[in-house]
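S.K.: Sending over my_file_27.cif (mmCIF, C-alpha atoms).
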data_protein
#
loop_
_atom_site.label_atom_id
_atom_site.label_comp_id
_atom_site.auth_asym_id
_atom_site.auth_seq_id
_atom_site.Cartn_x
_atom_site.Cartn_y
_atom_site.Cartn_z
CA MET A 1 0.00 0.00 0.00
CA SER A 2 1.24 3.48 -0.87
CA ARG A 3 2.54 5.66 1.94
CA TYR A 4 0.14 8.25 0.54
CA ASP A 5 -2.89 5.95 0.79
CA ARG A 6 -4.73 8.09 3.34
CA GLN A 7 -4.60 11.18 1.15
CA ILE A 8 -5.09 9.36 -2.16
CA LYS A 9 -8.44 8.20 -0.74
CA LEU A 10 -9.66 11.80 -0.86
CA THR A 11 -11.48 12.69 -4.06
CA GLU A 12 -9.47 15.93 -4.11
CA VAL A 13 -6.23 13.96 -4.37
CA GLY A 14 -6.53 10.50 -5.95
CA LEU A 15 -3.71 8.86 -7.91
CA GLU A 16 -3.71 11.72 -10.36
CA GLY A 17 -3.31 14.29 -7.59
CA GLN A 18 -0.50 12.31 -6.03
CA GLU A 19 1.28 12.42 -9.38
CA LYS A 20 0.81 16.20 -9.48
CA LEU A 21 2.37 16.44 -6.02
CA ARG A 22 5.30 14.28 -7.12
CA ASN A 23 5.95 16.55 -10.10
CA ALA A 24 5.65 19.78 -8.10
CA LYS A 25 8.58 22.00 -7.10
CA VAL A 26 8.21 24.25 -4.07
CA LEU A 27 10.78 26.73 -2.75
CA ILE A 28 10.69 27.50 0.96
CA VAL A 29 12.44 30.80 1.70
CA GLY A 30 13.28 30.93 5.40
CA VAL A 31 13.32 27.66 7.31
CA GLY A 32 12.21 29.03 10.67
CA GLY A 33 8.96 29.15 12.63
CA LEU A 34 6.84 29.16 9.47
CA GLY A 35 9.13 27.20 7.16
CA CYS A 36 9.71 24.21 9.48
CA PRO A 37 6.09 23.02 9.84
CA ALA A 38 5.34 23.91 6.22
CA ALA A 39 8.30 21.83 5.04
CA MET A 40 7.32 18.85 7.19
CA TYR A 41 3.79 18.71 5.80
CA LEU A 42 4.85 19.24 2.19
CA VAL A 43 7.46 16.51 2.54
CA GLY A 44 4.88 14.27 4.19
CA ALA A 45 2.46 14.85 1.33
CA GLY A 46 5.09 13.81 -1.20
CA VAL A 47 5.85 17.09 -2.98
CA GLY A 48 8.57 15.92 -5.39
CA THR A 49 11.13 18.71 -5.16
CA ILE A 50 11.63 21.10 -2.28
CA GLY A 51 14.12 23.97 -2.13
CA LEU A 52 15.22 24.97 1.36
CA MET A 53 16.70 28.45 1.59
CA ASP A 54 18.11 29.98 4.77
CA HIS A 55 21.43 31.70 5.47
CA ASP A 56 21.01 31.48 9.23
CA LYS A 57 22.24 28.95 11.77
CA VAL A 58 20.13 27.16 14.37
CA ASP A 59 20.05 29.01 17.67
CA LYS A 60 18.94 27.58 21.01
CA SER A 61 16.17 30.21 21.15
CA ASN A 62 14.72 28.82 17.88
CA LEU A 63 13.92 25.39 19.30
CA HIS A 64 10.58 26.31 20.92
CA ARG A 65 8.99 27.04 17.54
CA GLN A 66 11.23 25.79 14.76
CA VAL A 67 10.08 22.24 15.20
CA LEU A 68 12.46 20.58 12.73
CA PHE A 69 15.51 21.31 14.86
CA GLN A 70 16.98 19.47 17.80
CA GLU A 71 19.38 20.49 20.56
CA SER A 72 22.27 18.87 18.73
CA ASP A 73 21.59 21.11 15.68
CA VAL A 74 22.41 24.36 17.48
CA GLY A 75 25.10 26.25 15.57
CA LYS A 76 24.56 24.37 12.30
CA PRO A 77 23.14 25.89 9.07
CA LYS A 78 19.35 25.68 9.11
CA ALA A 79 18.87 24.77 5.46
CA LEU A 80 21.31 21.89 5.67
CA VAL A 81 20.04 20.52 8.98
CA ALA A 82 16.45 20.79 7.75
CA LYS A 83 17.34 18.74 4.68
CA GLU A 84 18.96 16.04 6.83
CA HIS A 85 15.86 15.66 9.00
CA LEU A 86 13.39 15.87 6.12
CA GLU A 87 15.27 13.24 4.11
CA LYS A 88 14.69 10.80 6.94
CA GLN A 89 10.99 11.70 6.91
CA ASN A 90 10.61 10.98 3.18
CA SER A 91 13.43 9.64 1.03
CA GLU A 92 11.35 10.04 -2.15
CA VAL A 93 11.62 13.83 -2.01
CA GLN A 94 14.39 15.66 -3.87
CA PHE A 95 15.95 18.53 -1.88
CA GLU A 96 17.91 21.58 -2.95
CA VAL A 97 19.74 23.49 -0.25
CA TYR A 98 20.51 27.22 -0.46
CA LYS A 99 22.65 28.51 2.39
CA GLU A 100 22.84 32.02 0.96
CA PRO A 101 20.32 34.82 1.52
CA LEU A 102 17.77 35.75 -1.13
CA THR A 103 19.12 38.82 -2.93
CA ILE A 104 18.21 41.01 -5.87
CA ALA A 105 20.95 39.19 -7.79
CA ASN A 106 19.77 35.60 -7.20
CA ALA A 107 16.01 35.87 -6.48
CA GLU A 108 14.49 35.67 -9.94
CA LYS A 109 16.93 33.01 -11.14
CA ILE A 110 16.24 30.67 -8.20
CA ILE A 111 12.48 31.28 -8.11
CA LYS A 112 12.18 30.40 -11.81
CA LEU A 113 13.26 26.84 -10.97
CA TYR A 114 10.11 26.31 -8.86
CA ASP A 115 6.32 26.31 -9.30
CA ILE A 116 5.38 27.94 -6.00
CA VAL A 117 7.23 29.90 -3.32
CA LEU A 118 6.44 29.65 0.37
CA ASP A 119 7.43 32.70 2.42
CA GLY A 120 9.02 31.79 5.73
CA THR A 121 10.91 35.08 6.03
CA ASP A 122 10.90 37.44 8.98
CA ASN A 123 11.58 40.87 7.49
CA PHE A 124 10.00 43.37 5.09
CA GLU A 125 13.01 43.64 2.79
CA THR A 126 12.83 39.96 1.84
CA LYS A 127 9.03 39.99 1.59
CA TYR A 128 9.10 42.84 -0.95
CA LEU A 129 11.99 41.15 -2.72
CA LEU A 130 10.03 37.87 -2.90
CA ASN A 131 6.99 39.75 -4.14
CA ASP A 132 8.82 41.53 -6.92
CA ALA A 133 10.83 38.50 -7.99
CA CYS A 134 7.65 36.39 -8.11
CA ILE A 135 5.98 39.01 -10.34
CA LEU A 136 8.96 38.87 -12.71
CA ALA A 137 9.22 35.07 -12.62
CA ASP A 138 5.42 34.79 -12.87
CA LYS A 139 5.06 32.47 -9.85
CA PRO A 140 2.56 32.52 -7.00
CA TRP A 141 3.85 32.86 -3.44
CA VAL A 142 2.23 32.08 -0.12
CA PHE A 143 2.77 34.89 2.34
CA ALA A 144 2.56 34.73 6.11
CA SER A 145 3.65 37.11 8.85
CA ILE A 146 3.42 37.15 12.57
CA TYR A 147 3.25 39.80 15.25
CA LYS A 148 3.01 38.51 18.82
CA ASN A 149 -0.32 36.60 18.87
CA GLU A 150 -1.53 37.62 15.43
CA GLY A 151 -0.89 36.31 11.96
CA GLN A 152 -1.55 37.42 8.38
CA LEU A 153 -1.87 34.98 5.49
CA SER A 154 -2.45 35.33 1.76
CA VAL A 155 -1.53 33.92 -1.63
CA PHE A 156 -0.07 36.58 -3.90
CA ASN A 157 0.48 36.76 -7.64
CA TYR A 158 -1.75 33.72 -8.20
CA LYS A 159 -3.34 33.64 -11.65
CA ASP A 160 -2.81 37.35 -12.18
CA GLY A 161 -4.24 38.15 -8.73
CA PRO A 162 -3.20 40.90 -6.30
CA THR A 163 0.31 41.08 -4.87
CA TYR A 164 1.82 42.12 -1.54
CA ARG A 165 2.29 45.65 -2.89
CA CYS A 166 -1.47 45.78 -3.57
CA VAL A 167 -2.03 45.48 0.19
CA PHE A 168 1.01 47.33 1.48
CA PRO A 169 2.32 49.54 -1.34
CA LYS A 170 4.95 51.20 0.79
CA SER A 171 7.45 49.46 2.96
CA THR A 172 7.93 50.43 6.54
CA ARG A 173 10.82 50.57 8.92
CA GLN A 174 8.83 48.92 11.65
CA ASN A 175 10.72 45.69 11.20
CA ILE A 176 9.92 43.90 14.41
CA SER A 177 11.06 40.31 14.68
CA CYS A 178 9.84 37.46 16.87
CA GLU A 179 13.13 37.82 18.73
CA ALA A 180 12.12 41.32 19.72
CA THR A 181 8.42 40.82 20.53
CA GLY A 182 8.17 37.22 21.62
CA VAL A 183 5.91 34.56 20.16
CA LEU A 184 4.32 31.29 21.22
CA GLY A 185 5.61 28.46 19.04
CA VAL A 186 2.12 27.34 18.04
CA LEU A 187 1.33 30.54 16.13
CA PRO A 188 3.97 30.15 13.38
CA GLY A 189 3.02 26.46 13.54
CA ILE A 190 -0.58 27.33 12.64
CA LEU A 191 0.39 29.85 9.95
CA GLY A 192 3.08 27.64 8.42
CA THR A 193 0.65 24.73 8.26
CA LEU A 194 -1.99 26.93 6.59
CA GLN A 195 0.66 28.03 4.09
CA ALA A 196 1.39 24.38 3.28
CA ALA A 197 -2.36 23.82 2.78
CA GLU A 198 -2.50 26.68 0.24
CA VAL A 199 0.48 25.18 -1.59
CA LEU A 200 -1.21 21.76 -1.75
CA LYS A 201 -4.47 23.24 -3.07
CA MET A 202 -2.61 25.08 -5.82
CA ILE A 203 -0.68 21.96 -6.84
CA LEU A 204 -3.81 19.79 -6.81
CA ARG A 205 -5.92 22.54 -8.39
CA VAL A 206 -8.71 21.97 -5.89
CA GLY A 207 -10.70 24.07 -3.45
CA GLU A 208 -10.51 27.81 -3.00
CA VAL A 209 -7.07 29.43 -2.94
CA LEU A 210 -6.63 32.36 -0.55
CA SER A 211 -5.91 34.79 -3.38
CA GLY A 212 -7.43 38.27 -3.54
CA LYS A 213 -7.91 38.28 0.20
CA ILE A 214 -5.86 38.36 3.35
CA LYS A 215 -6.68 36.28 6.40
CA LEU A 216 -6.09 37.80 9.83
CA ILE A 217 -5.78 35.38 12.70
CA ASN A 218 -5.67 36.24 16.39
CA MET A 219 -4.61 33.10 18.19
CA MET A 220 -5.09 34.53 21.70
CA GLN A 221 -8.62 35.76 21.07
CA ALA A 222 -9.46 32.69 18.95
CA ASN A 223 -10.86 34.76 16.11
CA GLU A 224 -10.11 35.36 12.48
CA GLN A 225 -11.41 37.39 9.61
CA THR A 226 -10.80 37.67 5.91
CA ILE A 227 -10.40 40.98 4.12
CA LYS A 228 -10.82 41.40 0.38
CA ILE A 229 -7.88 42.92 -1.49
CA ASN A 230 -8.16 44.88 -4.69
CA LYS A 231 -5.47 44.75 -7.30
CA ARG A 232 -3.35 47.86 -7.78
CA PRO A 233 -2.33 47.29 -11.40
CA GLU A 234 0.03 50.28 -11.36
CA GLU A 235 2.11 48.68 -8.58
CA ILE A 236 2.47 45.45 -10.54
CA GLU A 237 3.17 47.19 -13.85
CA LYS A 238 5.92 49.22 -12.27
CA ILE A 239 7.77 46.09 -11.17
CA ARG A 240 7.27 44.46 -14.58
CA LYS A 241 8.73 47.53 -16.29
CA GLU A 242 11.46 48.55 -13.89
CA GLY A 243 12.37 45.26 -12.23
CA ILE A 244 12.76 44.53 -8.54
CA ALA A 245 12.37 47.66 -6.45
CA PRO A 246 14.86 47.28 -3.61
CA VAL A 247 13.55 48.24 -0.23
CA TYR A 248 16.04 50.43 1.52
CA ILE A 249 14.90 51.07 4.99
CA ASP A 250 16.65 54.13 6.32
CA CYS A 251 17.03 55.26 9.85
CA ASP A 252 18.59 58.14 11.74
CA LEU A 253 21.47 57.71 14.11
CA LYS A 254 21.34 59.18 17.61
CA ASN A 255 24.71 60.83 17.15
CA LYS A 256 25.24 62.64 13.86
CA GLU A 257 28.70 64.06 14.74
CA HIS A 258 30.56 60.75 14.94
CA TRP A 259 32.09 58.87 12.06
CA TYR A 260 30.62 55.40 11.55
CA LEU A 261 31.75 52.36 9.61
CA ASP A 262 29.05 49.86 8.59
CA VAL A 263 30.68 46.48 7.88
CA ARG A 264 27.44 44.68 7.00
CA GLU A 265 26.56 43.37 3.54
CA VAL A 266 24.82 45.87 1.29
CA PHE A 267 21.45 44.11 1.61
CA GLU A 268 21.35 44.32 5.39
CA GLN A 269 18.92 46.79 6.89
CA PRO A 270 18.16 49.38 8.11
CA LYS A 271 20.56 51.77 6.40
CA PRO A 272 21.58 54.81 8.45
CA LYS A 273 21.35 58.16 6.70
CA GLY A 274 24.12 60.74 6.95
CA GLN A 275 27.35 62.00 5.47
CA LYS A 276 29.55 60.39 8.09
CA VAL A 277 28.46 56.79 7.59
CA LEU A 278 30.85 54.67 5.53
CA SER A 279 29.61 51.35 4.20
CA ILE A 280 32.30 48.73 3.53
CA PRO A 281 31.19 45.08 3.79
CA PHE A 282 33.43 42.92 5.97
CA ASN A 283 34.94 41.01 3.05
CA ASP A 284 35.94 44.21 1.25
CA LEU A 285 37.79 45.76 4.20
CA THR A 286 41.21 44.63 3.00
CA SER A 287 40.80 46.18 -0.42
CA ARG A 288 39.06 49.35 0.76
CA HIS A 289 40.67 50.16 4.12
CA LYS A 290 42.13 53.39 2.71
CA GLU A 291 38.64 54.92 2.66
CA ILE A 292 38.44 54.77 6.46
CA PRO A 293 39.57 57.92 8.31
CA ASN A 294 42.51 57.19 10.64
CA ASN A 295 42.86 60.53 12.38
CA GLN A 296 39.61 60.55 14.37
CA GLU A 297 37.39 58.17 16.27
CA VAL A 298 35.29 55.86 14.07
CA PHE A 299 32.50 53.69 15.47
CA VAL A 300 32.30 50.33 13.73
CA PHE A 301 28.99 48.47 13.66
CA CYS A 302 27.23 45.47 12.17
CA GLN A 303 23.93 43.77 13.01
CA SER A 304 24.95 42.26 16.35
CA GLY A 305 28.40 43.60 17.23
CA LYS A 306 30.31 40.40 16.42
CA ARG A 307 31.44 41.07 12.85
CA SER A 308 32.39 44.63 13.73
CA LYS A 309 34.59 43.31 16.54
CA ASN A 310 36.41 41.04 14.10
CA ALA A 311 36.64 43.90 11.60
CA ILE A 312 38.39 46.06 14.17
CA GLU A 313 40.88 43.27 14.93
CA ILE A 314 41.78 42.96 11.25
CA LEU A 315 42.01 46.70 10.65
CA LYS A 316 44.15 47.12 13.76
CA ASN A 317 46.51 44.19 13.21
CA GLU A 318 46.92 44.41 9.46
CA PHE A 319 46.57 48.09 8.71
CA GLY A 320 47.47 49.79 11.97
CA PHE A 321 44.13 51.45 12.78
CA HIS A 322 43.98 52.57 16.43
CA ASN A 323 40.99 54.88 16.21
CA LEU A 324 38.20 52.28 15.91
CA LYS A 325 35.54 51.59 18.52
CA ASN A 326 33.15 48.68 18.43
CA VAL A 327 29.39 49.28 18.73
CA GLU A 328 28.49 46.51 21.17
CA GLY A 329 24.98 45.20 20.56
CA GLY A 330 24.92 46.25 16.91
CA ILE A 331 23.02 48.84 14.93
CA GLU A 332 19.83 48.77 17.02
CA THR A 333 21.70 50.41 19.90
CA ILE A 334 22.70 53.50 17.87
CA ILE A 335 19.43 54.14 16.00
CA ASP A 336 17.34 57.12 16.91
CA GLY A 337 13.71 56.19 17.56
CA MET B 1 -23.48 57.86 13.09
CA LYS B 2 -21.77 54.88 14.65
CA VAL B 3 -19.00 52.74 13.18
CA THR B 4 -17.06 49.88 14.73
CA VAL B 5 -13.29 50.13 14.48
CA LYS B 6 -11.12 47.03 14.79
CA TYR B 7 -7.44 47.34 15.58
CA PHE B 8 -4.71 44.87 14.68
CA GLY B 9 -1.07 44.26 15.52
CA LEU B 10 0.87 47.16 16.93
CA VAL B 11 -2.09 49.51 16.33
CA ALA B 12 -4.16 47.46 18.78
CA GLU B 13 -1.23 47.56 21.14
CA ALA B 14 -0.75 51.33 20.90
CA ALA B 15 -4.50 51.91 21.29
CA ASP B 16 -4.64 49.35 24.09
CA LYS B 17 -7.83 47.83 22.66
CA SER B 18 -8.81 45.60 19.79
CA GLU B 19 -12.16 47.19 19.06
CA GLU B 20 -14.19 50.32 19.76
CA VAL B 21 -17.37 52.01 18.59
CA MET B 22 -16.85 55.55 17.30
CA GLU B 23 -19.66 58.09 17.11
CA PHE B 24 -19.53 61.18 14.94
CA ASN B 25 -21.71 63.63 13.02
CA GLY B 26 -21.39 64.56 9.36
CA GLU B 27 -19.42 62.95 6.60
CA LEU B 28 -16.16 61.19 7.16
CA THR B 29 -14.05 59.12 4.80
CA ALA B 30 -12.33 55.97 5.96
CA SER B 31 -8.92 57.62 5.85
CA GLU B 32 -10.17 60.60 7.87
CA LEU B 33 -11.44 58.20 10.50
CA LYS B 34 -8.09 56.44 10.52
CA GLU B 35 -6.35 59.74 11.16
CA GLN B 36 -8.66 60.39 14.12
CA CYS B 37 -8.19 56.90 15.53
CA LEU B 38 -4.41 57.01 15.25
CA TYR B 39 -4.10 60.58 16.52
CA GLY B 40 -1.83 60.68 19.54
CA LEU B 41 -0.90 57.01 19.31
CA SER B 42 2.74 56.16 19.27
CA ILE B 43 3.02 54.52 15.87
CA ALA B 44 6.16 55.40 13.92
CA ASP B 45 4.79 54.83 10.43
CA LYS B 46 1.09 55.66 10.22
CA ASP B 47 1.10 55.71 6.41
CA SER B 48 1.80 52.00 6.34
CA VAL B 49 -1.44 51.22 8.23
CA GLN B 50 -4.07 50.04 5.75
CA ILE B 51 -7.84 50.49 6.07
CA ALA B 52 -10.59 48.00 5.35
CA VAL B 53 -14.26 48.96 5.32
CA ASN B 54 -16.69 46.06 5.74
CA GLN B 55 -13.90 43.55 5.00
CA ASN B 56 -12.77 45.36 1.85
CA LEU B 57 -9.43 47.11 1.59
CA ASP B 58 -10.42 50.70 0.83
CA ASP B 59 -9.55 54.13 2.21
CA LYS B 60 -11.64 56.39 0.01
CA THR B 61 -15.17 55.34 0.97
CA THR B 62 -17.37 57.75 2.84
CA LEU B 63 -18.53 55.91 5.92
CA LYS B 64 -22.11 54.91 6.60
CA ASP B 65 -23.84 54.15 9.86
CA GLY B 66 -23.03 50.62 11.04
CA ASP B 67 -19.85 50.23 8.96
CA GLU B 68 -17.02 48.12 10.26
CA VAL B 69 -13.56 49.60 9.80
CA ALA B 70 -10.34 47.62 10.32
CA LEU B 71 -6.90 49.18 10.71
CA LEU B 72 -4.17 46.82 9.52
CA PRO B 73 -0.50 47.50 10.07
CA PRO B 74 2.01 45.43 8.13
CA PHE B 75 4.11 43.03 10.12
CA ALA B 76 6.91 40.76 9.13
CA GLY B 77 7.69 38.25 11.89
CA GLY B 78 8.21 34.62 11.02
#
Write out the structure in this file as structure tokens.

M.R.:
Amino acid sequence: MSRYDRQIKLTEVGLEGQEKLRNAKVLIVGVGGLGCPAAMYLVGAGVGTIGLMDHDKVDKSNLHRQVLFQESDVGKPKALVAKEHLEKQNSEVQFEVYKEPLTIANAEKIIKLYDIVLDGTDNFETKYLLNDACILADKPWVFASIYKNEGQLSVFNYKDGPTYRCVFPKSTRQNISCEATGVLGVLPGILGTLQAAEVLKMILRVGEVLSGKIKLINMMQANEQTIKINKRPEEIEKIRKEGIAPVYIDCDLKNKEHWYLDVREVFEQPKPKGQKVLSIPFNDLTSRHKEIPNNQEVFVFCQSGKRSKNAIEILKNEFGFHNLKNVEGGIETIIDG
Amino acid sequence: MKVTVKYFGLVAEAADKSEEVMEFNGELTASELKEQCLYGLSIADKDSVQIAVNQNLDDKTTLKDGDEVALLPPFAGG
């Protein structure tokens, strides 16, 4: 008896549907609170090819909600560890692992290899990037987001339907992660599972796909409602004509007199405004160290304070800089507001 | 005229409620009502908050008695 017997029995699936699942290719961007449960159910259902994309490593604080990971996985790359666990769950599934972040440079190329994209990301920059790349690659994507006890869910760019920019045309700097606000593990579990359900319906071409509307779920209050979205054709046309519109989230720094050196990659956000902020990614420091002032104090920062500490070591030991100070705690500690 | 306003995400948090009934006289569009509701709340990016009237995303409608307005901020956690 087929391992898929219990779903093949459904009239919505059948042997034909199971074949559709086997031929389907789904890309999961972000293997975290949303991506883990989604991946497990899609793998269980026998989706033939699954791409797992995540540039992050497993952290102990992920374990309460990112249900694919175990204590022994802490410190290892999420995409790779996820593949190892999922392979054991279903050896018939083909996996592709992407340990790099989704960027303007790689998004469209990677997305084109798949039929559907599942959004497991946790920031606005990547959500807009996914949106735009899916418009260009002409693929539907299943969006979900979480804030504390609430979730939003929708399918965008499905059969010429509305996109994320039709709901939220302008990006916002209010990038608040689960790390910052807290979240109960079950909420991304619910949303990620609903995302997987939307993917399955699209592959099987059954039921009603959550396109043209956005579902709002409040787990604490046990209520939900669905809001209809209208298409904003001008938003979609603009992306088709001009390509991916990068979301640069700017911010002000508390101190505008100091010199700053940002050693993060160019895609990392938010970007501080100001004349005295130099941006040289960590890997370019050796070739571009001459751009850094050496006659006055320069504050070096990254996202968390770790890379900037290493950057200072290199600049001090190899190029004799003695005027650099590390911003402990990363960029969030020097932003105004 | 009475309309019910539903708050979501950090708007609900800033307003410290998830729902309220607003009473007013005269004509008011959905976006004017949003401005009134968000006035004085500590929300950094009010432009990003979207408005739905009777479960339809729309900020231009002139409100009618009994309408239900929802204020939706974007959020990105995962």

S.K.: If you count all atoms listed in the file, which residues fall within 10 Å of B:Val21, apart from same-chain ones fewer than 4 positions away, as a PyMOL selection string?

M.R.: chain B and resi 2-6+66+68-69

S.K.: Starting from chain A, keep only residues with some atom at most 9 Å from an atom of chain B, counting only C-alpha atoms, and report them as a PyMOL selection string.

M.R.: chain A and resi 30+32-35+119-124+127+144-152+167-179+188+213+216+218+225-230+337

S.K.: Pick out the closest residue to B:Met1 from this set: B:Glu27, B:Glu19, B:Asp65, B:Glu13. Count only C-alpha atoms.

M.R.: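 Smallest separation from B:Met1 among the options: B:Asp65.
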
S.K.: Using all atoms listed in the file, which protein or nucleic acid residues come within 9 Å of B:Thr61? Drop anything in the same chain fewer than 4 positions from it, and give the result as a ChimeraX atom specification.

M.R.: /B:28-31,53

S.K.: May I have the residues within 7 Å of A:Lys231 as a CSV table (one decimal) with C-alpha atoms, in the coordinates of the input, using only C-alpha atoms and disregarding those fewer than 5 positions away in the same chain?

M.R.:
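Final file, around-v2.csv:
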chain,number,residue,atom,x,y,z
A,161,GLY,CA,-4.2,38.2,-8.7
A,162,PRO,CA,-3.2,40.9,-6.3
A,166,CYS,CA,-1.5,45.8,-3.6

S.K.: Could you list as a ChimeraX atom specification every residue that has an atom within 7 Å of (24.5, 42.8, 17.6), using the file's coordinates and counting all atoms listed in the file?

M.R.: /A:302-306,328-331

S.K.: Got time to write the residues from that selection, C-alpha atoms, as a PDB file, keeping the file's coordinate frame?

M.R.:
ATOM      1  CA  CYS A 302      27.230  45.470  12.170  1.00  0.00           C
ATOM      2  CA  GLN A 303      23.930  43.770  13.010  1.00  0.00           C
ATOM      3  CA  SER A 304      24.950  42.260  16.350  1.00  0.00           C
ATOM      4  CA  GLY A 305      28.400  43.600  17.230  1.00  0.00           C
ATOM      5  CA  LYS A 306      30.310  40.400  16.420  1.00  0.00           C
ATOM      6  CA  GLU A 328      28.490  46.510  21.170  1.00  0.00           C
ATOM      7  CA  GLY A 329      24.980  45.200  20.560  1.00  0.00           C
ATOM      8  CA  GLY A 330      24.920  46.250  16.910  1.00  0.00           C
ATOM      9  CA  ILE A 331      23.020  48.840  14.930  1.00  0.00           C
TER      10      ILE A 331
END

S.K.: Can you translate the PyMOL selection byres ((chain A and resi 31) around 12) into the concrete residues it hits in this file, as a PyMOL selection string?

M.R.: (chain A and resi 27-30+32-40+50-58+62+65-69+77-83+86+97-99+101+118-122+188+192) or (chain B and resi 78)
